[in-house]
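Report on one structure; see the data block that follows.
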Amino acid sequence: MANQRQNAAATERDRARNRRGGRGLLLAVAAAAFVFLGVVAVALTNAFVNYTSTDSFCGTTCHSMTWAAKTYRRSPHFDNRVGVRATCGDCHIPYDANHPTPMHYISLLLFKADRGAKDVWGELTKRIRTEEEWEKRRPQLAATVETFLKTHDSITCRGCHTLEAFAGPRNAMRQLVHRDVIQADTVDCLRCHAGVGHVDDGADQARGGWYTLRQAANGALAYARTCSMCHGAELHGAGAPALVGQPFWQAYGGQRVSTLWSAVHTQMPMTAPGSVSVRDSIDIMAFLLQQNGVAAGETPLDDSVDLTKVRPPH
Ligand code: HEC
Ligand code: HEC
Ligand code: HEC
Ligand code: HEC
């Protein structure tokens with residue numbers, strides 16, 4: 001009798017343990033399912049976030065964006081020599097181009113929802129239907145993007161470009177022009193690199209207006225003083241190469257103005273490289289441009305912004 005009672009009690013304990021075990025198993029399964037769903041949700045959100053940043057989504061889904069895609073395809077971020085392509089999202093959505101922290105990720109989602117809603121709304125209400133309407137709205141849209149980048153320290157650009165990484169003698173010029181950029185409180189890449197994401201037909205083909213007559217006149221004096229003894233009073237060369245005509249254009253046509261400046265400011269004069277002041281070297285460049293048929297204009301040539309300009313091939 002006592003044995004039976006003991007057995008019954010033992011069975012009851014076993015059952016209780018089993019029940020508890022069952023509940024534990026259920027909990028474990030639920031937790032696993034939860035984690036799995038969580039992973040799926042994150043993956044899907046991420047896939048959606050990524051998909052809505054791809055060029056095909058941004059550039060074709062919304063009618064109005066096809067025009068933006070056209071100017072983008074002419075830019076160095078679409079075709080370039082290193083084979084790395086920046087997508088719409090890389091430049092327009094923070095943290096698309098680099099890895100966010102969890103907090104960043106949340107703010108990205110919020111940012112995206114906001115931006116996406118506005119874009120979709122614009123498309124739904126068909127505020128931009130024709131190319132003319134697009135051209136009319138474009139300055140305003142561009143200003144919105146520029147303001148965003150300016151107030152966020154060009155965050156998307158810096159997702160890929162680390163200016164501190166310009167190092168070594170090959171990049172001496174780039175280090176020089178970016179020195180103050182890195183140290184400034186606010187980083188505004190577009191100040192000097194406007195139109196880096198979208199290039200208009202015929203942009204940068206301007207054949208003049210890069211320097212003033214006054215600069216060229218100063219340049220002529222500085223040239224006579226420091227360069228003419230080797231390159232000739234008429235720039236036709238003597239012991240040193242000619243700085244006018246075909247050979248000169250062959251060397252510098254299609255190049256950035258900075259390439260020429262690099263020669264004038266850091267390599268010349270042959271016997272005392274780097275001894276010409278910034279101002280004189282800029283003025284000498286103005287003189288060289290003038291002697292090579294590039295017309296003068298109203299705005300002076302300047303040692304940062306204008307150096308990114310590409311000289312048209314002759
Ligand atoms: C290399 C970075 C970069 C990439 C890639 C890029 N953009 Fe832009 N985008 C900019 C910048 C910078 C501006 C501000 C105006 C300017 O400087 O051209 C801009 C402006 C715009 C504007 C405002 C109108 C205009 O033309 O200025 C729209 C719309 C736009 N981008 C959409 C897109 C779409 C769609 C894509 C992909 C097909 C794309 N962008 C790819 C950097 C980029
Ligand atoms: C996805 C990464 C990525 C992002 C984001 C990006 N870039 Fe670039 N950028 C590149 C690559 C790759 C090149 C091509 C480099 C080459 O050809 O040597 C390039 C080229 C450039 C050049 C040289 C252009 C030329 O004419 O050759 C400039 C200037 C530049 N980027 C500035 C910017 C600015 C400003 C932004 C932000 C609006 C930006 N980039 C955003 C990757 C990026
Ligand atoms: C004060 C003007 C100025 C500012 C601001 C500036 N840059 Fe530049 N940048 C230049 C000049 C000038 C060059 C030289 C062009 C060349 O290499 O021939 C240059 C060159 C570059 C190049 C190399 C271009 C090439 O030919 O491959 C990249 C990339 C670049 N800048 C990125 C940036 C980014 C990103 C920012 C913002 C974080 C920025 N720059 C801000 C003036 C500026
Ligand atoms: C002591 C003589 C001498 C003086 C002074 C001199 N140069 Fe030169 N320069 C040369 C020589 C030699 C070369 C060719 C170097 C080479 O090919 O590596 C050259 C090359 C150049 C080039 C490259 C031309 C090309 O076709 O590749 C430029 C640009 C230039 N000089 C500009 C100047 C300017 C501007 C000054 C005045 C600030 C100046 N030079 C002063 C001797 C001189």
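All residue names refer to the structure tokens as shown: chains lettered A, B, ... in order, residues numbered from 1 in each chain, ligands numbered from 1 in order.
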
Which chain A residues have any atom within 8 Å of an atom of ligand 4, and for each, what is the nearest pair of atoms with distance in Å to one decimal, counting only C-alpha atoms and all ligand atoms, rows sorted by chain and number, as CSV?
```
residue,atom,partner,partner_atom_place_in_ligand_line,distance
A:Ala222,CA,ligand 4,38 (C),7.4
A:Tyr223,CA,ligand 4,37 (C),5.6
A:Arg225,CA,ligand 4,37 (C),8.0
A:Thr226,CA,ligand 4,37 (C),4.8
A:Cys227,CA,ligand 4,37 (C),3.5
A:Ser228,CA,ligand 4,5 (C),6.9
A:Met229,CA,ligand 4,5 (C),6.1
A:Cys230,CA,ligand 4,2 (C),4.4
A:His231,CA,ligand 4,7 (N),6.2
A:Gly239,CA,ligand 4,12 (C),6.3
A:Ala240,CA,ligand 4,11 (C),4.2
A:Pro241,CA,ligand 4,26 (O),5.5
A:Ala242,CA,ligand 4,26 (O),6.6
A:Leu243,CA,ligand 4,24 (C),6.3
A:Pro247,CA,ligand 4,26 (O),6.3
A:Phe248,CA,ligand 4,26 (O),5.2
A:Ala251,CA,ligand 4,26 (O),5.7
A:Tyr252,CA,ligand 4,26 (O),8.0
A:Leu260,CA,ligand 4,29 (C),6.0
A:Trp261,CA,ligand 4,29 (C),7.9
A:Ala263,CA,ligand 4,29 (C),5.3
A:Val264,CA,ligand 4,35 (C),4.5
A:His265,CA,ligand 4,38 (C),7.2
A:Gln267,CA,ligand 4,31 (N),7.6
A:Met268,CA,ligand 4,39 (C),4.8
A:Pro269,CA,ligand 4,41 (C),3.5
A:Met270,CA,ligand 4,43 (C),4.3
A:Thr271,CA,ligand 4,1 (C),4.9
A:Ala272,CA,ligand 4,5 (C),7.8
A:Val276,CA,ligand 4,38 (C),6.1
A:Ser281,CA,ligand 4,38 (C),6.7
A:Ile284,CA,ligand 4,35 (C),6.1
A:Met285,CA,ligand 4,35 (C),7.1
A:Leu288,CA,ligand 4,35 (C),8.0
```

Output file for the selection above: C-alpha atoms, as a PDB file, in the first residue's frame:
```
ATOM      1  CA  ALA A 222      56.179  86.498 -63.910  1.00  0.00           C
ATOM      2  CA  TYR A 223      56.873  84.297 -66.927  1.00  0.00           C
ATOM      3  CA  ARG A 225      61.121  86.831 -64.950  1.00  0.00           C
ATOM      4  CA  THR A 226      61.268  83.133 -64.114  1.00  0.00           C
ATOM      5  CA  CYS A 227      60.609  80.994 -67.176  1.00  0.00           C
ATOM      6  CA  SER A 228      61.555  82.746 -70.391  1.00  0.00           C
ATOM      7  CA  MET A 229      65.294  82.083 -70.132  1.00  0.00           C
ATOM      8  CA  CYS A 230      64.632  78.395 -70.737  1.00  0.00           C
ATOM      9  CA  HIS A 231      61.239  78.282 -72.506  1.00  0.00           C
ATOM     10  CA  GLY A 239      66.571  74.223 -74.292  1.00  0.00           C
ATOM     11  CA  ALA A 240      63.179  73.499 -72.733  1.00  0.00           C
ATOM     12  CA  PRO A 241      59.994  72.392 -74.504  1.00  0.00           C
ATOM     13  CA  ALA A 242      57.647  74.873 -76.202  1.00  0.00           C
ATOM     14  CA  LEU A 243      54.677  75.966 -74.119  1.00  0.00           C
ATOM     15  CA  PRO A 247      53.027  69.735 -78.414  1.00  0.00           C
ATOM     16  CA  PHE A 248      51.642  71.733 -75.524  1.00  0.00           C
ATOM     17  CA  ALA A 251      50.473  67.194 -73.283  1.00  0.00           C
ATOM     18  CA  TYR A 252      47.632  69.033 -71.586  1.00  0.00           C
ATOM     19  CA  LEU A 260      49.355  71.823 -65.667  1.00  0.00           C
ATOM     20  CA  TRP A 261      49.482  73.520 -62.306  1.00  0.00           C
ATOM     21  CA  ALA A 263      54.125  71.210 -63.515  1.00  0.00           C
ATOM     22  CA  VAL A 264      54.140  74.975 -63.090  1.00  0.00           C
ATOM     23  CA  HIS A 265      53.897  75.115 -59.321  1.00  0.00           C
ATOM     24  CA  GLN A 267      58.180  70.977 -60.799  1.00  0.00           C
ATOM     25  CA  MET A 268      59.224  74.308 -62.279  1.00  0.00           C
ATOM     26  CA  PRO A 269      61.449  76.219 -62.649  1.00  0.00           C
ATOM     27  CA  MET A 270      63.758  73.365 -63.454  1.00  0.00           C
ATOM     28  CA  THR A 271      66.576  74.676 -61.293  1.00  0.00           C
ATOM     29  CA  ALA A 272      64.426  75.658 -58.298  1.00  0.00           C
ATOM     30  CA  VAL A 276      57.155  80.184 -57.632  1.00  0.00           C
ATOM     31  CA  SER A 281      51.969  80.203 -60.676  1.00  0.00           C
ATOM     32  CA  ILE A 284      51.433  82.139 -65.233  1.00  0.00           C
ATOM     33  CA  MET A 285      48.822  79.466 -65.962  1.00  0.00           C
ATOM     34  CA  LEU A 288      49.721  80.063 -70.769  1.00  0.00           C
TER      35      LEU A 288
END
```

For the interface of chain A with ligand 1 (cut-off 8 Å, counting only C-alpha atoms and all ligand atoms), please tabulate each contacting residue of chain A alongside its nearest pair of atoms and their separation in Å to one decimal, rows sorted by chain and increasing number, as a Markdown table.
```
| residue | atom | partner | partner_atom_place_in_ligand_line | distance |
| --- | --- | --- | --- | --- |
| A:Thr54 | CA | ligand 1 | 37 (C) | 7.7 |
| A:Asp55 | CA | ligand 1 | 38 (C) | 4.9 |
| A:Ser56 | CA | ligand 1 | 38 (C) | 7.3 |
| A:Cys58 | CA | ligand 1 | 35 (C) | 4.7 |
| A:Gly59 | CA | ligand 1 | 38 (C) | 4.3 |
| A:Thr60 | CA | ligand 1 | 35 (C) | 7.9 |
| A:Ser64 | CA | ligand 1 | 29 (C) | 7.7 |
| A:Met65 | CA | ligand 1 | 35 (C) | 4.9 |
| A:Thr66 | CA | ligand 1 | 35 (C) | 6.9 |
| A:Trp67 | CA | ligand 1 | 26 (O) | 7.8 |
| A:Ala68 | CA | ligand 1 | 32 (C) | 5.0 |
| A:Ala69 | CA | ligand 1 | 38 (C) | 3.9 |
| A:Lys70 | CA | ligand 1 | 38 (C) | 7.5 |
| A:Thr71 | CA | ligand 1 | 26 (O) | 7.2 |
| A:Tyr72 | CA | ligand 1 | 41 (C) | 5.6 |
| A:Arg73 | CA | ligand 1 | 38 (C) | 7.5 |
| A:Ser75 | CA | ligand 1 | 1 (C) | 7.8 |
| A:Pro76 | CA | ligand 1 | 1 (C) | 7.9 |
| A:His77 | CA | ligand 1 | 1 (C) | 5.3 |
| A:Phe78 | CA | ligand 1 | 5 (C) | 7.1 |
| A:Arg85 | CA | ligand 1 | 5 (C) | 7.7 |
| A:Ala86 | CA | ligand 1 | 5 (C) | 4.6 |
| A:Thr87 | CA | ligand 1 | 5 (C) | 4.5 |
| A:Cys88 | CA | ligand 1 | 37 (C) | 3.5 |
| A:Gly89 | CA | ligand 1 | 41 (C) | 6.9 |
| A:Asp90 | CA | ligand 1 | 5 (C) | 6.1 |
| A:Cys91 | CA | ligand 1 | 2 (C) | 4.2 |
| A:His92 | CA | ligand 1 | 7 (N) | 6.2 |
| A:Arg137 | CA | ligand 1 | 24 (C) | 7.9 |
| A:Arg138 | CA | ligand 1 | 24 (C) | 4.7 |
| A:Pro139 | CA | ligand 1 | 27 (O) | 6.4 |
| A:Gln140 | CA | ligand 1 | 24 (C) | 7.5 |
| A:Leu141 | CA | ligand 1 | 23 (C) | 4.3 |
| A:Ala142 | CA | ligand 1 | 27 (O) | 3.6 |
| A:Ala143 | CA | ligand 1 | 14 (C) | 6.7 |
| A:Thr144 | CA | ligand 1 | 23 (C) | 7.4 |
| A:Val145 | CA | ligand 1 | 14 (C) | 5.0 |
| A:Glu146 | CA | ligand 1 | 14 (C) | 5.0 |
| A:Leu149 | CA | ligand 1 | 12 (C) | 7.6 |
| A:Thr156 | CA | ligand 1 | 2 (C) | 8.0 |
| A:Cys157 | CA | ligand 1 | 2 (C) | 7.0 |
| A:Leu190 | CA | ligand 1 | 17 (O) | 6.4 |
| A:His193 | CA | ligand 1 | 17 (O) | 7.7 |
| A:Ala194 | CA | ligand 1 | 17 (O) | 4.6 |
| A:Gly195 | CA | ligand 1 | 18 (O) | 3.9 |
| A:Val196 | CA | ligand 1 | 1 (C) | 5.8 |
| A:Gly197 | CA | ligand 1 | 43 (C) | 3.8 |
| A:His198 | CA | ligand 1 | 18 (O) | 4.8 |
| A:Val199 | CA | ligand 1 | 18 (O) | 7.1 |
```

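Counting from CA of Leu176 (chain A), the distance to atom 35 (C, counted along the ligand's line) of ligand 3 is 14.2 Å.
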
Find the residue from A:Asn292, A:Gln183, A:Thr299, A:Thr130 that sits nearest to ligand 3; use only C-alpha atoms and all ligand atoms when measuring. A:Gln183

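Proximity to Arg174 (chain A) was assessed for A:Val294, A:Thr162, A:Ala224, A:Val278 counting only C-alpha atoms; the smallest distance is recorded for A:Thr162.
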
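For the atom pair formed by CA of Ala233 (chain A) and CA of Arg279 (chain A), the distance is 20.8 Å, given to one decimal.
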
Can you pull out every residue from region 183-270 of chain A that DSSP, working from the backbone, puts in alpha helix (DSSP H), and format the result as a VMD selection string? chain A and resid 183 190 to 193 213 to 226 228 to 231 246 to 252 257 to 261

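You will find CA of Gln255 (chain A) at 23.4 Å from CA of Glu234 (chain A).
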
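Remark: for ligand 2, the closest of the candidate residues A:Cys160, A:Thr147, A:Ile93, A:His104 is A:Cys160 (distances computed over only C-alpha atoms and all ligand atoms).
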
Counting only C-alpha atoms, what is within 12 Å of Asp185 (chain A), bar same-chain residues fewer than 2 positions away, as a list in words? Lys150, Thr151, His152, Asp153, Ser154, Asp180, Val181, Ile182, Gln183, Val187 and Asp188 of chain A

Mind dumping the selected residues with N, CA and C atoms as an mmCIF file, in the first residue's frame?
```
data_model
loop_
_atom_site.group_PDB
_atom_site.id
_atom_site.type_symbol
_atom_site.label_atom_id
_atom_site.label_comp_id
_atom_site.auth_asym_id
_atom_site.auth_seq_id
_atom_site.Cartn_x
_atom_site.Cartn_y
_atom_site.Cartn_z
ATOM 1 N N LYS A 150 25.526 69.274 -47.835
ATOM 2 C CA LYS A 150 26.275 70.289 -47.107
ATOM 3 C C LYS A 150 26.027 70.180 -45.608
ATOM 4 N N THR A 151 24.769 70.005 -45.231
ATOM 5 C CA THR A 151 24.453 69.957 -43.805
ATOM 6 C C THR A 151 24.846 68.624 -43.172
ATOM 7 N N HIS A 152 25.152 67.619 -43.990
ATOM 8 C CA HIS A 152 25.574 66.337 -43.430
ATOM 9 C C HIS A 152 27.035 66.036 -43.755
ATOM 10 N N ASP A 153 27.845 67.075 -43.922
ATOM 11 C CA ASP A 153 29.286 66.903 -44.127
ATOM 12 C C ASP A 153 29.622 65.929 -45.258
ATOM 13 N N SER A 154 28.860 65.993 -46.324
ATOM 14 C CA SER A 154 29.114 65.137 -47.494
ATOM 15 C C SER A 154 29.244 63.670 -47.081
ATOM 16 N N ASP A 180 42.978 71.756 -46.373
ATOM 17 C CA ASP A 180 42.030 72.553 -45.598
ATOM 18 C C ASP A 180 40.646 71.907 -45.560
ATOM 19 N N VAL A 181 40.345 71.126 -46.570
ATOM 20 C CA VAL A 181 39.027 70.484 -46.629
ATOM 21 C C VAL A 181 38.852 69.555 -45.440
ATOM 22 N N ILE A 182 39.890 68.785 -45.158
ATOM 23 C CA ILE A 182 39.799 67.812 -44.074
ATOM 24 C C ILE A 182 39.721 68.502 -42.724
ATOM 25 N N GLN A 183 40.449 69.615 -42.607
ATOM 26 C CA GLN A 183 40.495 70.278 -41.304
ATOM 27 C C GLN A 183 39.292 71.174 -41.032
ATOM 28 N N VAL A 187 32.424 69.698 -44.071
ATOM 29 C CA VAL A 187 33.036 69.193 -45.294
ATOM 30 C C VAL A 187 32.043 69.334 -46.442
ATOM 31 N N ASP A 188 32.406 70.167 -47.403
ATOM 32 C CA ASP A 188 31.508 70.373 -48.540
ATOM 33 C C ASP A 188 32.253 70.049 -49.836
#
```

Contacts of Gln291 (chain A) at 9 Å or less, counting only C-alpha atoms, minus same-chain residues fewer than 2 places along, as a ChimeraX atom specification? /A:235,243-245,286-289,293-294

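Minimum distance to ligand 2 across A:Ser107, A:Ser277, A:Asn98, A:Ser262 (counting only C-alpha atoms and all ligand atoms) occurs at A:Asn98.
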